[in-house]
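Participant: Below is the structure I would like to discuss, written out as C-alpha cells.
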Amino acid sequence: MTYVIAEPCIDVMDRACVDECPVDCIYEGGRSLYINPDECIDCGACEPVCPVEAIFYEDDLPPAWTEYTHDNARFFTDVLDGRNAPLGNPGGASKIGPVGADTPLVAAFPPRPSA
C-alpha cells in the first residue's frame, strides 16, 4: 500500500508535502504532484500537511478518486523525462526536479480558475 495524491492537488501544488517527505518520493509534474508508489515508505508525514486534503492512504481514497491510485503509478511508467525515457524509480524527486508533464488524467482535467 502507499499514499496517493488525488484531484484536489491539480493546479494547486502547495508543496508542503514535498518538504515533509523523509524519502523525497513526491515528484512535481506540470499541474500536479505525484507519489512514487515504489519509493513511498507509508510514513504518512505528507497527509496532514496538505492544505487541500489531496493526499490519502490508498485504502482510504474516496471512491470518486480511486483512479488516482493507478494514475500516480502511471506517472512513473508513462510520463517521459527530459531524456525522453520513463521516469521509473530515480531514487528521489530532488535529483530530477520538476518534470513539467502530467498523466493524461491530470492533463485532461479542466484548468482551475486563478485565485
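Identifiers for the C-alpha cells are assigned positionally: chains receive A, B, ... in sequence, residues are indexed from 1 per chain, and ligands are indexed from 1 in the order shown.
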Using only C-alpha atoms, determine which residues lie at most 10 Å from Gly44 (chain A), disregarding the query and same-chain residues fewer than 2 positions distant; provide the list as a list in words.
Facilitator: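 The neighbour list is Thr2, Tyr3, Cys17, Glu20, Cys21, Cys40, Ile41, Asp42, Cys46, Glu47, Pro48, Val49, Ile55, Phe56 and Tyr57 of chain A.
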Participant: Would you mind writing down, as a PyMOL selection string, each residue of chain A that DSSP on the backbone assigns to strand (DSSP E or B)?
Facilitator: chain A and resi 3-5+26-28+33-35+55-57+80+86
Participant: May I have the residues within 8 Å of Val52 (chain A) as number ranges by chain, using only C-alpha atoms and disregarding those fewer than 2 positions away in the same chain?
Facilitator: A: 8-9, 50, 54
Participant: At what distance in Å, to one decimal, does CA of Tyr34 (chain A) lie from CA of Gly91 (chain A)?
Facilitator: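 Separation of CA of Gly91 (chain A) and CA of Tyr34 (chain A): 13.9 Å.
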Participant: Just the residues within 8 Å of region 58-67 of chain A, please, counting only C-alpha atoms, with nothing from its chain fewer than 2 positions along; format it as a list in words.
Facilitator: Met1, Thr2, Tyr3, Val4, Ala6, Glu7, Phe56, Thr69, His70 and Asp71 of chain A
Participant: Output N, CA, C and O atoms for every residue in that selection, as a PDB file, in the first residue's frame.
Facilitator:
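The resulting out_21.pdb:
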ATOM      1  N   MET A   1       0.830  -1.184   0.000  1.00  0.00           N
ATOM      2  CA  MET A   1       0.000   0.000   0.000  1.00  0.00           C
ATOM      3  C   MET A   1       0.882   1.258   0.000  1.00  0.00           C
ATOM      4  O   MET A   1       2.039   1.203   0.382  1.00  0.00           O
ATOM      5  N   THR A   2       0.281   2.344  -0.378  1.00  0.00           N
ATOM      6  CA  THR A   2       1.014   3.600  -0.461  1.00  0.00           C
ATOM      7  C   THR A   2       0.055   4.769  -0.284  1.00  0.00           C
ATOM      8  O   THR A   2      -1.148   4.590  -0.201  1.00  0.00           O
ATOM      9  N   TYR A   3       0.589   5.935  -0.262  1.00  0.00           N
ATOM     10  CA  TYR A   3      -0.221   7.147  -0.252  1.00  0.00           C
ATOM     11  C   TYR A   3      -0.409   7.620  -1.686  1.00  0.00           C
ATOM     12  O   TYR A   3       0.419   7.350  -2.556  1.00  0.00           O
ATOM     13  N   VAL A   4      -1.515   8.326  -1.918  1.00  0.00           N
ATOM     14  CA  VAL A   4      -1.911   8.743  -3.258  1.00  0.00           C
ATOM     15  C   VAL A   4      -2.283  10.224  -3.229  1.00  0.00           C
ATOM     16  O   VAL A   4      -2.943  10.677  -2.293  1.00  0.00           O
ATOM     17  N   ALA A   6      -4.555  12.957  -5.032  1.00  0.00           N
ATOM     18  CA  ALA A   6      -5.766  12.953  -5.868  1.00  0.00           C
ATOM     19  C   ALA A   6      -6.062  14.325  -6.463  1.00  0.00           C
ATOM     20  O   ALA A   6      -5.266  15.262  -6.359  1.00  0.00           O
ATOM     21  N   GLU A   7      -7.231  14.434  -7.046  1.00  0.00           N
ATOM     22  CA  GLU A   7      -7.669  15.604  -7.817  1.00  0.00           C
ATOM     23  C   GLU A   7      -7.501  16.971  -7.143  1.00  0.00           C
ATOM     24  O   GLU A   7      -7.171  17.950  -7.821  1.00  0.00           O
ATOM     25  N   PHE A  56      -4.160  10.799   0.381  1.00  0.00           N
ATOM     26  CA  PHE A  56      -4.894   9.756   1.088  1.00  0.00           C
ATOM     27  C   PHE A  56      -4.081   8.478   1.124  1.00  0.00           C
ATOM     28  O   PHE A  56      -3.365   8.163   0.162  1.00  0.00           O
ATOM     29  N   THR A  69      -5.022   6.217  -7.826  1.00  0.00           N
ATOM     30  CA  THR A  69      -4.051   5.232  -7.362  1.00  0.00           C
ATOM     31  C   THR A  69      -3.200   4.774  -8.542  1.00  0.00           C
ATOM     32  O   THR A  69      -1.969   4.824  -8.492  1.00  0.00           O
ATOM     33  N   HIS A  70      -3.849   4.353  -9.603  1.00  0.00           N
ATOM     34  CA  HIS A  70      -3.118   3.905 -10.792  1.00  0.00           C
ATOM     35  C   HIS A  70      -2.485   5.077 -11.529  1.00  0.00           C
ATOM     36  O   HIS A  70      -1.429   4.940 -12.139  1.00  0.00           O
ATOM     37  N   ASP A  71      -3.124   6.232 -11.452  1.00  0.00           N
ATOM     38  CA  ASP A  71      -2.589   7.406 -12.135  1.00  0.00           C
ATOM     39  C   ASP A  71      -1.250   7.832 -11.537  1.00  0.00           C
ATOM     40  O   ASP A  71      -0.328   8.181 -12.271  1.00  0.00           O
TER      41      ASP A  71
END
Participant: Using DSSP on the backbone coordinates, identify all residues within region 9-99 of chain A classified as alpha helix (DSSP H); present the result as a ChimeraX atom specification.
Facilitator: /A:16-20,67-78,93-96
Participant: Which residues are near Leu33 (chain A)? Cut-off 7 Å, only C-alpha atoms, ignore same chain within fewer than 5 positions. Put them as a PyMOL selection string.
Facilitator: chain A and resi 5+9+13+26-28
Participant: Could the residues in this selection be saved with all heavy atoms as a PDB file, in the first residue's frame?
Facilitator:
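Saved as out36.pdb:
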ATOM      1  N   ILE A   5      -1.880  10.946  -4.251  1.00  0.00           N
ATOM      2  CA  ILE A   5      -2.299  12.342  -4.409  1.00  0.00           C
ATOM      3  C   ILE A   5      -3.431  12.371  -5.433  1.00  0.00           C
ATOM      4  O   ILE A   5      -3.280  11.882  -6.548  1.00  0.00           O
ATOM      5  CB  ILE A   5      -1.127  13.234  -4.843  1.00  0.00           C
ATOM      6  CG1 ILE A   5      -0.053  13.233  -3.747  1.00  0.00           C
ATOM      7  CG2 ILE A   5      -1.625  14.657  -5.142  1.00  0.00           C
ATOM      8  CD1 ILE A   5       1.189  14.024  -4.073  1.00  0.00           C
ATOM      9  N   CYS A   9      -5.187  18.358  -5.737  1.00  0.00           N
ATOM     10  CA  CYS A   9      -3.843  18.918  -5.935  1.00  0.00           C
ATOM     11  C   CYS A   9      -3.685  19.607  -7.291  1.00  0.00           C
ATOM     12  O   CYS A   9      -2.841  20.484  -7.452  1.00  0.00           O
ATOM     13  CB  CYS A   9      -2.792  17.814  -5.797  1.00  0.00           C
ATOM     14  SG  CYS A   9      -1.076  18.386  -5.909  1.00  0.00           S
ATOM     15  N   MET A  13      -0.693  22.439  -6.161  1.00  0.00           N
ATOM     16  CA  MET A  13       0.694  22.035  -5.884  1.00  0.00           C
ATOM     17  C   MET A  13       1.357  22.882  -4.788  1.00  0.00           C
ATOM     18  O   MET A  13       2.373  23.519  -5.004  1.00  0.00           O
ATOM     19  CB  MET A  13       1.532  22.070  -7.159  1.00  0.00           C
ATOM     20  CG  MET A  13       1.077  21.069  -8.178  1.00  0.00           C
ATOM     21  SD  MET A  13       2.245  20.722  -9.506  1.00  0.00           S
ATOM     22  CE  MET A  13       2.745  22.295 -10.093  1.00  0.00           C
ATOM     23  N   ILE A  26       7.948  12.457  -3.565  1.00  0.00           N
ATOM     24  CA  ILE A  26       6.844  13.220  -4.160  1.00  0.00           C
ATOM     25  C   ILE A  26       7.414  14.077  -5.287  1.00  0.00           C
ATOM     26  O   ILE A  26       8.232  14.963  -5.057  1.00  0.00           O
ATOM     27  CB  ILE A  26       6.123  14.076  -3.107  1.00  0.00           C
ATOM     28  CG1 ILE A  26       5.605  13.167  -1.980  1.00  0.00           C
ATOM     29  CG2 ILE A  26       4.978  14.856  -3.763  1.00  0.00           C
ATOM     30  CD1 ILE A  26       4.988  13.912  -0.819  1.00  0.00           C
ATOM     31  N   TYR A  27       6.977  13.772  -6.500  1.00  0.00           N
ATOM     32  CA  TYR A  27       7.528  14.379  -7.711  1.00  0.00           C
ATOM     33  C   TYR A  27       6.573  15.420  -8.265  1.00  0.00           C
ATOM     34  O   TYR A  27       5.358  15.305  -8.134  1.00  0.00           O
ATOM     35  CB  TYR A  27       7.778  13.292  -8.755  1.00  0.00           C
ATOM     36  CG  TYR A  27       8.883  12.347  -8.353  1.00  0.00           C
ATOM     37  CD1 TYR A  27       8.704  11.400  -7.352  1.00  0.00           C
ATOM     38  CD2 TYR A  27      10.127  12.412  -8.970  1.00  0.00           C
ATOM     39  CE1 TYR A  27       9.721  10.539  -6.971  1.00  0.00           C
ATOM     40  CE2 TYR A  27      11.153  11.552  -8.597  1.00  0.00           C
ATOM     41  CZ  TYR A  27      10.944  10.624  -7.605  1.00  0.00           C
ATOM     42  OH  TYR A  27      11.963   9.788  -7.233  1.00  0.00           O
ATOM     43  N   GLU A  28       7.126  16.413  -8.934  1.00  0.00           N
ATOM     44  CA  GLU A  28       6.345  17.515  -9.476  1.00  0.00           C
ATOM     45  C   GLU A  28       6.142  17.366 -10.972  1.00  0.00           C
ATOM     46  O   GLU A  28       7.095  17.357 -11.752  1.00  0.00           O
ATOM     47  CB  GLU A  28       7.048  18.842  -9.189  1.00  0.00           C
ATOM     48  CG  GLU A  28       6.252  20.047  -9.618  1.00  0.00           C
ATOM     49  CD  GLU A  28       6.918  21.363  -9.245  1.00  0.00           C
ATOM     50  OE1 GLU A  28       7.752  21.389  -8.326  1.00  0.00           O
ATOM     51  OE2 GLU A  28       6.603  22.366  -9.913  1.00  0.00           O
TER      52      GLU A  28
END
Participant: Write out as number ranges by chain the residues lying within 6 Å of Gly92 (chain A), counting only C-alpha atoms and excluding same-chain residues fewer than 2 positions away.
Facilitator: A: 24-25, 90, 94-95
Participant: Let's have the selection written as a tab-separated table (two decimals), in the first residue's frame, with N, CA and C atoms.
Facilitator:
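The resulting file, again.tsv, is reproduced below:
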chain	number	residue	atom	x	y	z
A	24	ASP	N	11.82	11.76	-0.03
A	24	ASP	CA	11.87	12.51	-1.29
A	24	ASP	C	11.15	11.77	-2.43
A	25	CYS	N	9.96	11.22	-2.14
A	25	CYS	CA	9.25	10.42	-3.15
A	25	CYS	C	8.08	11.14	-3.79
A	90	PRO	N	13.73	7.00	-9.91
A	90	PRO	CA	15.01	7.71	-9.90
A	90	PRO	C	15.66	7.83	-8.53
A	94	SER	N	14.23	15.28	-5.79
A	94	SER	CA	15.16	16.39	-5.89
A	94	SER	C	16.26	16.14	-6.92
A	95	LYS	N	16.50	14.88	-7.25
A	95	LYS	CA	17.52	14.53	-8.26
A	95	LYS	C	17.11	14.98	-9.66
Participant: Quick one: distance from CA of Asp38 (chain A) to CA of Ile96 (chain A) in Å, one decimal?
Facilitator: 16.4 Å
Participant: With only C-alpha atoms as the basis for distance, which of A:Pro51, A:Gly30, A:Gly97, A:Pro37 is at the shortest distance from Phe76 (chain A)?
Facilitator: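 Of A:Pro51, A:Gly30, A:Gly97, A:Pro37, the one nearest Phe76 (chain A), counting only C-alpha atoms, is A:Pro37.
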Participant: Within 10 Å of Arg74 (chain A), counting only C-alpha atoms, which residues show up once you throw out same-chain ones fewer than 4 positions away? Write them as a list in words, please.
Facilitator: Tyr34, Asn36, Pro37, Tyr68, Thr69, His70, Asp78, Val79, Pro86, Leu87, Gly88, Asp102, Thr103, Pro104 and Leu105 of chain A
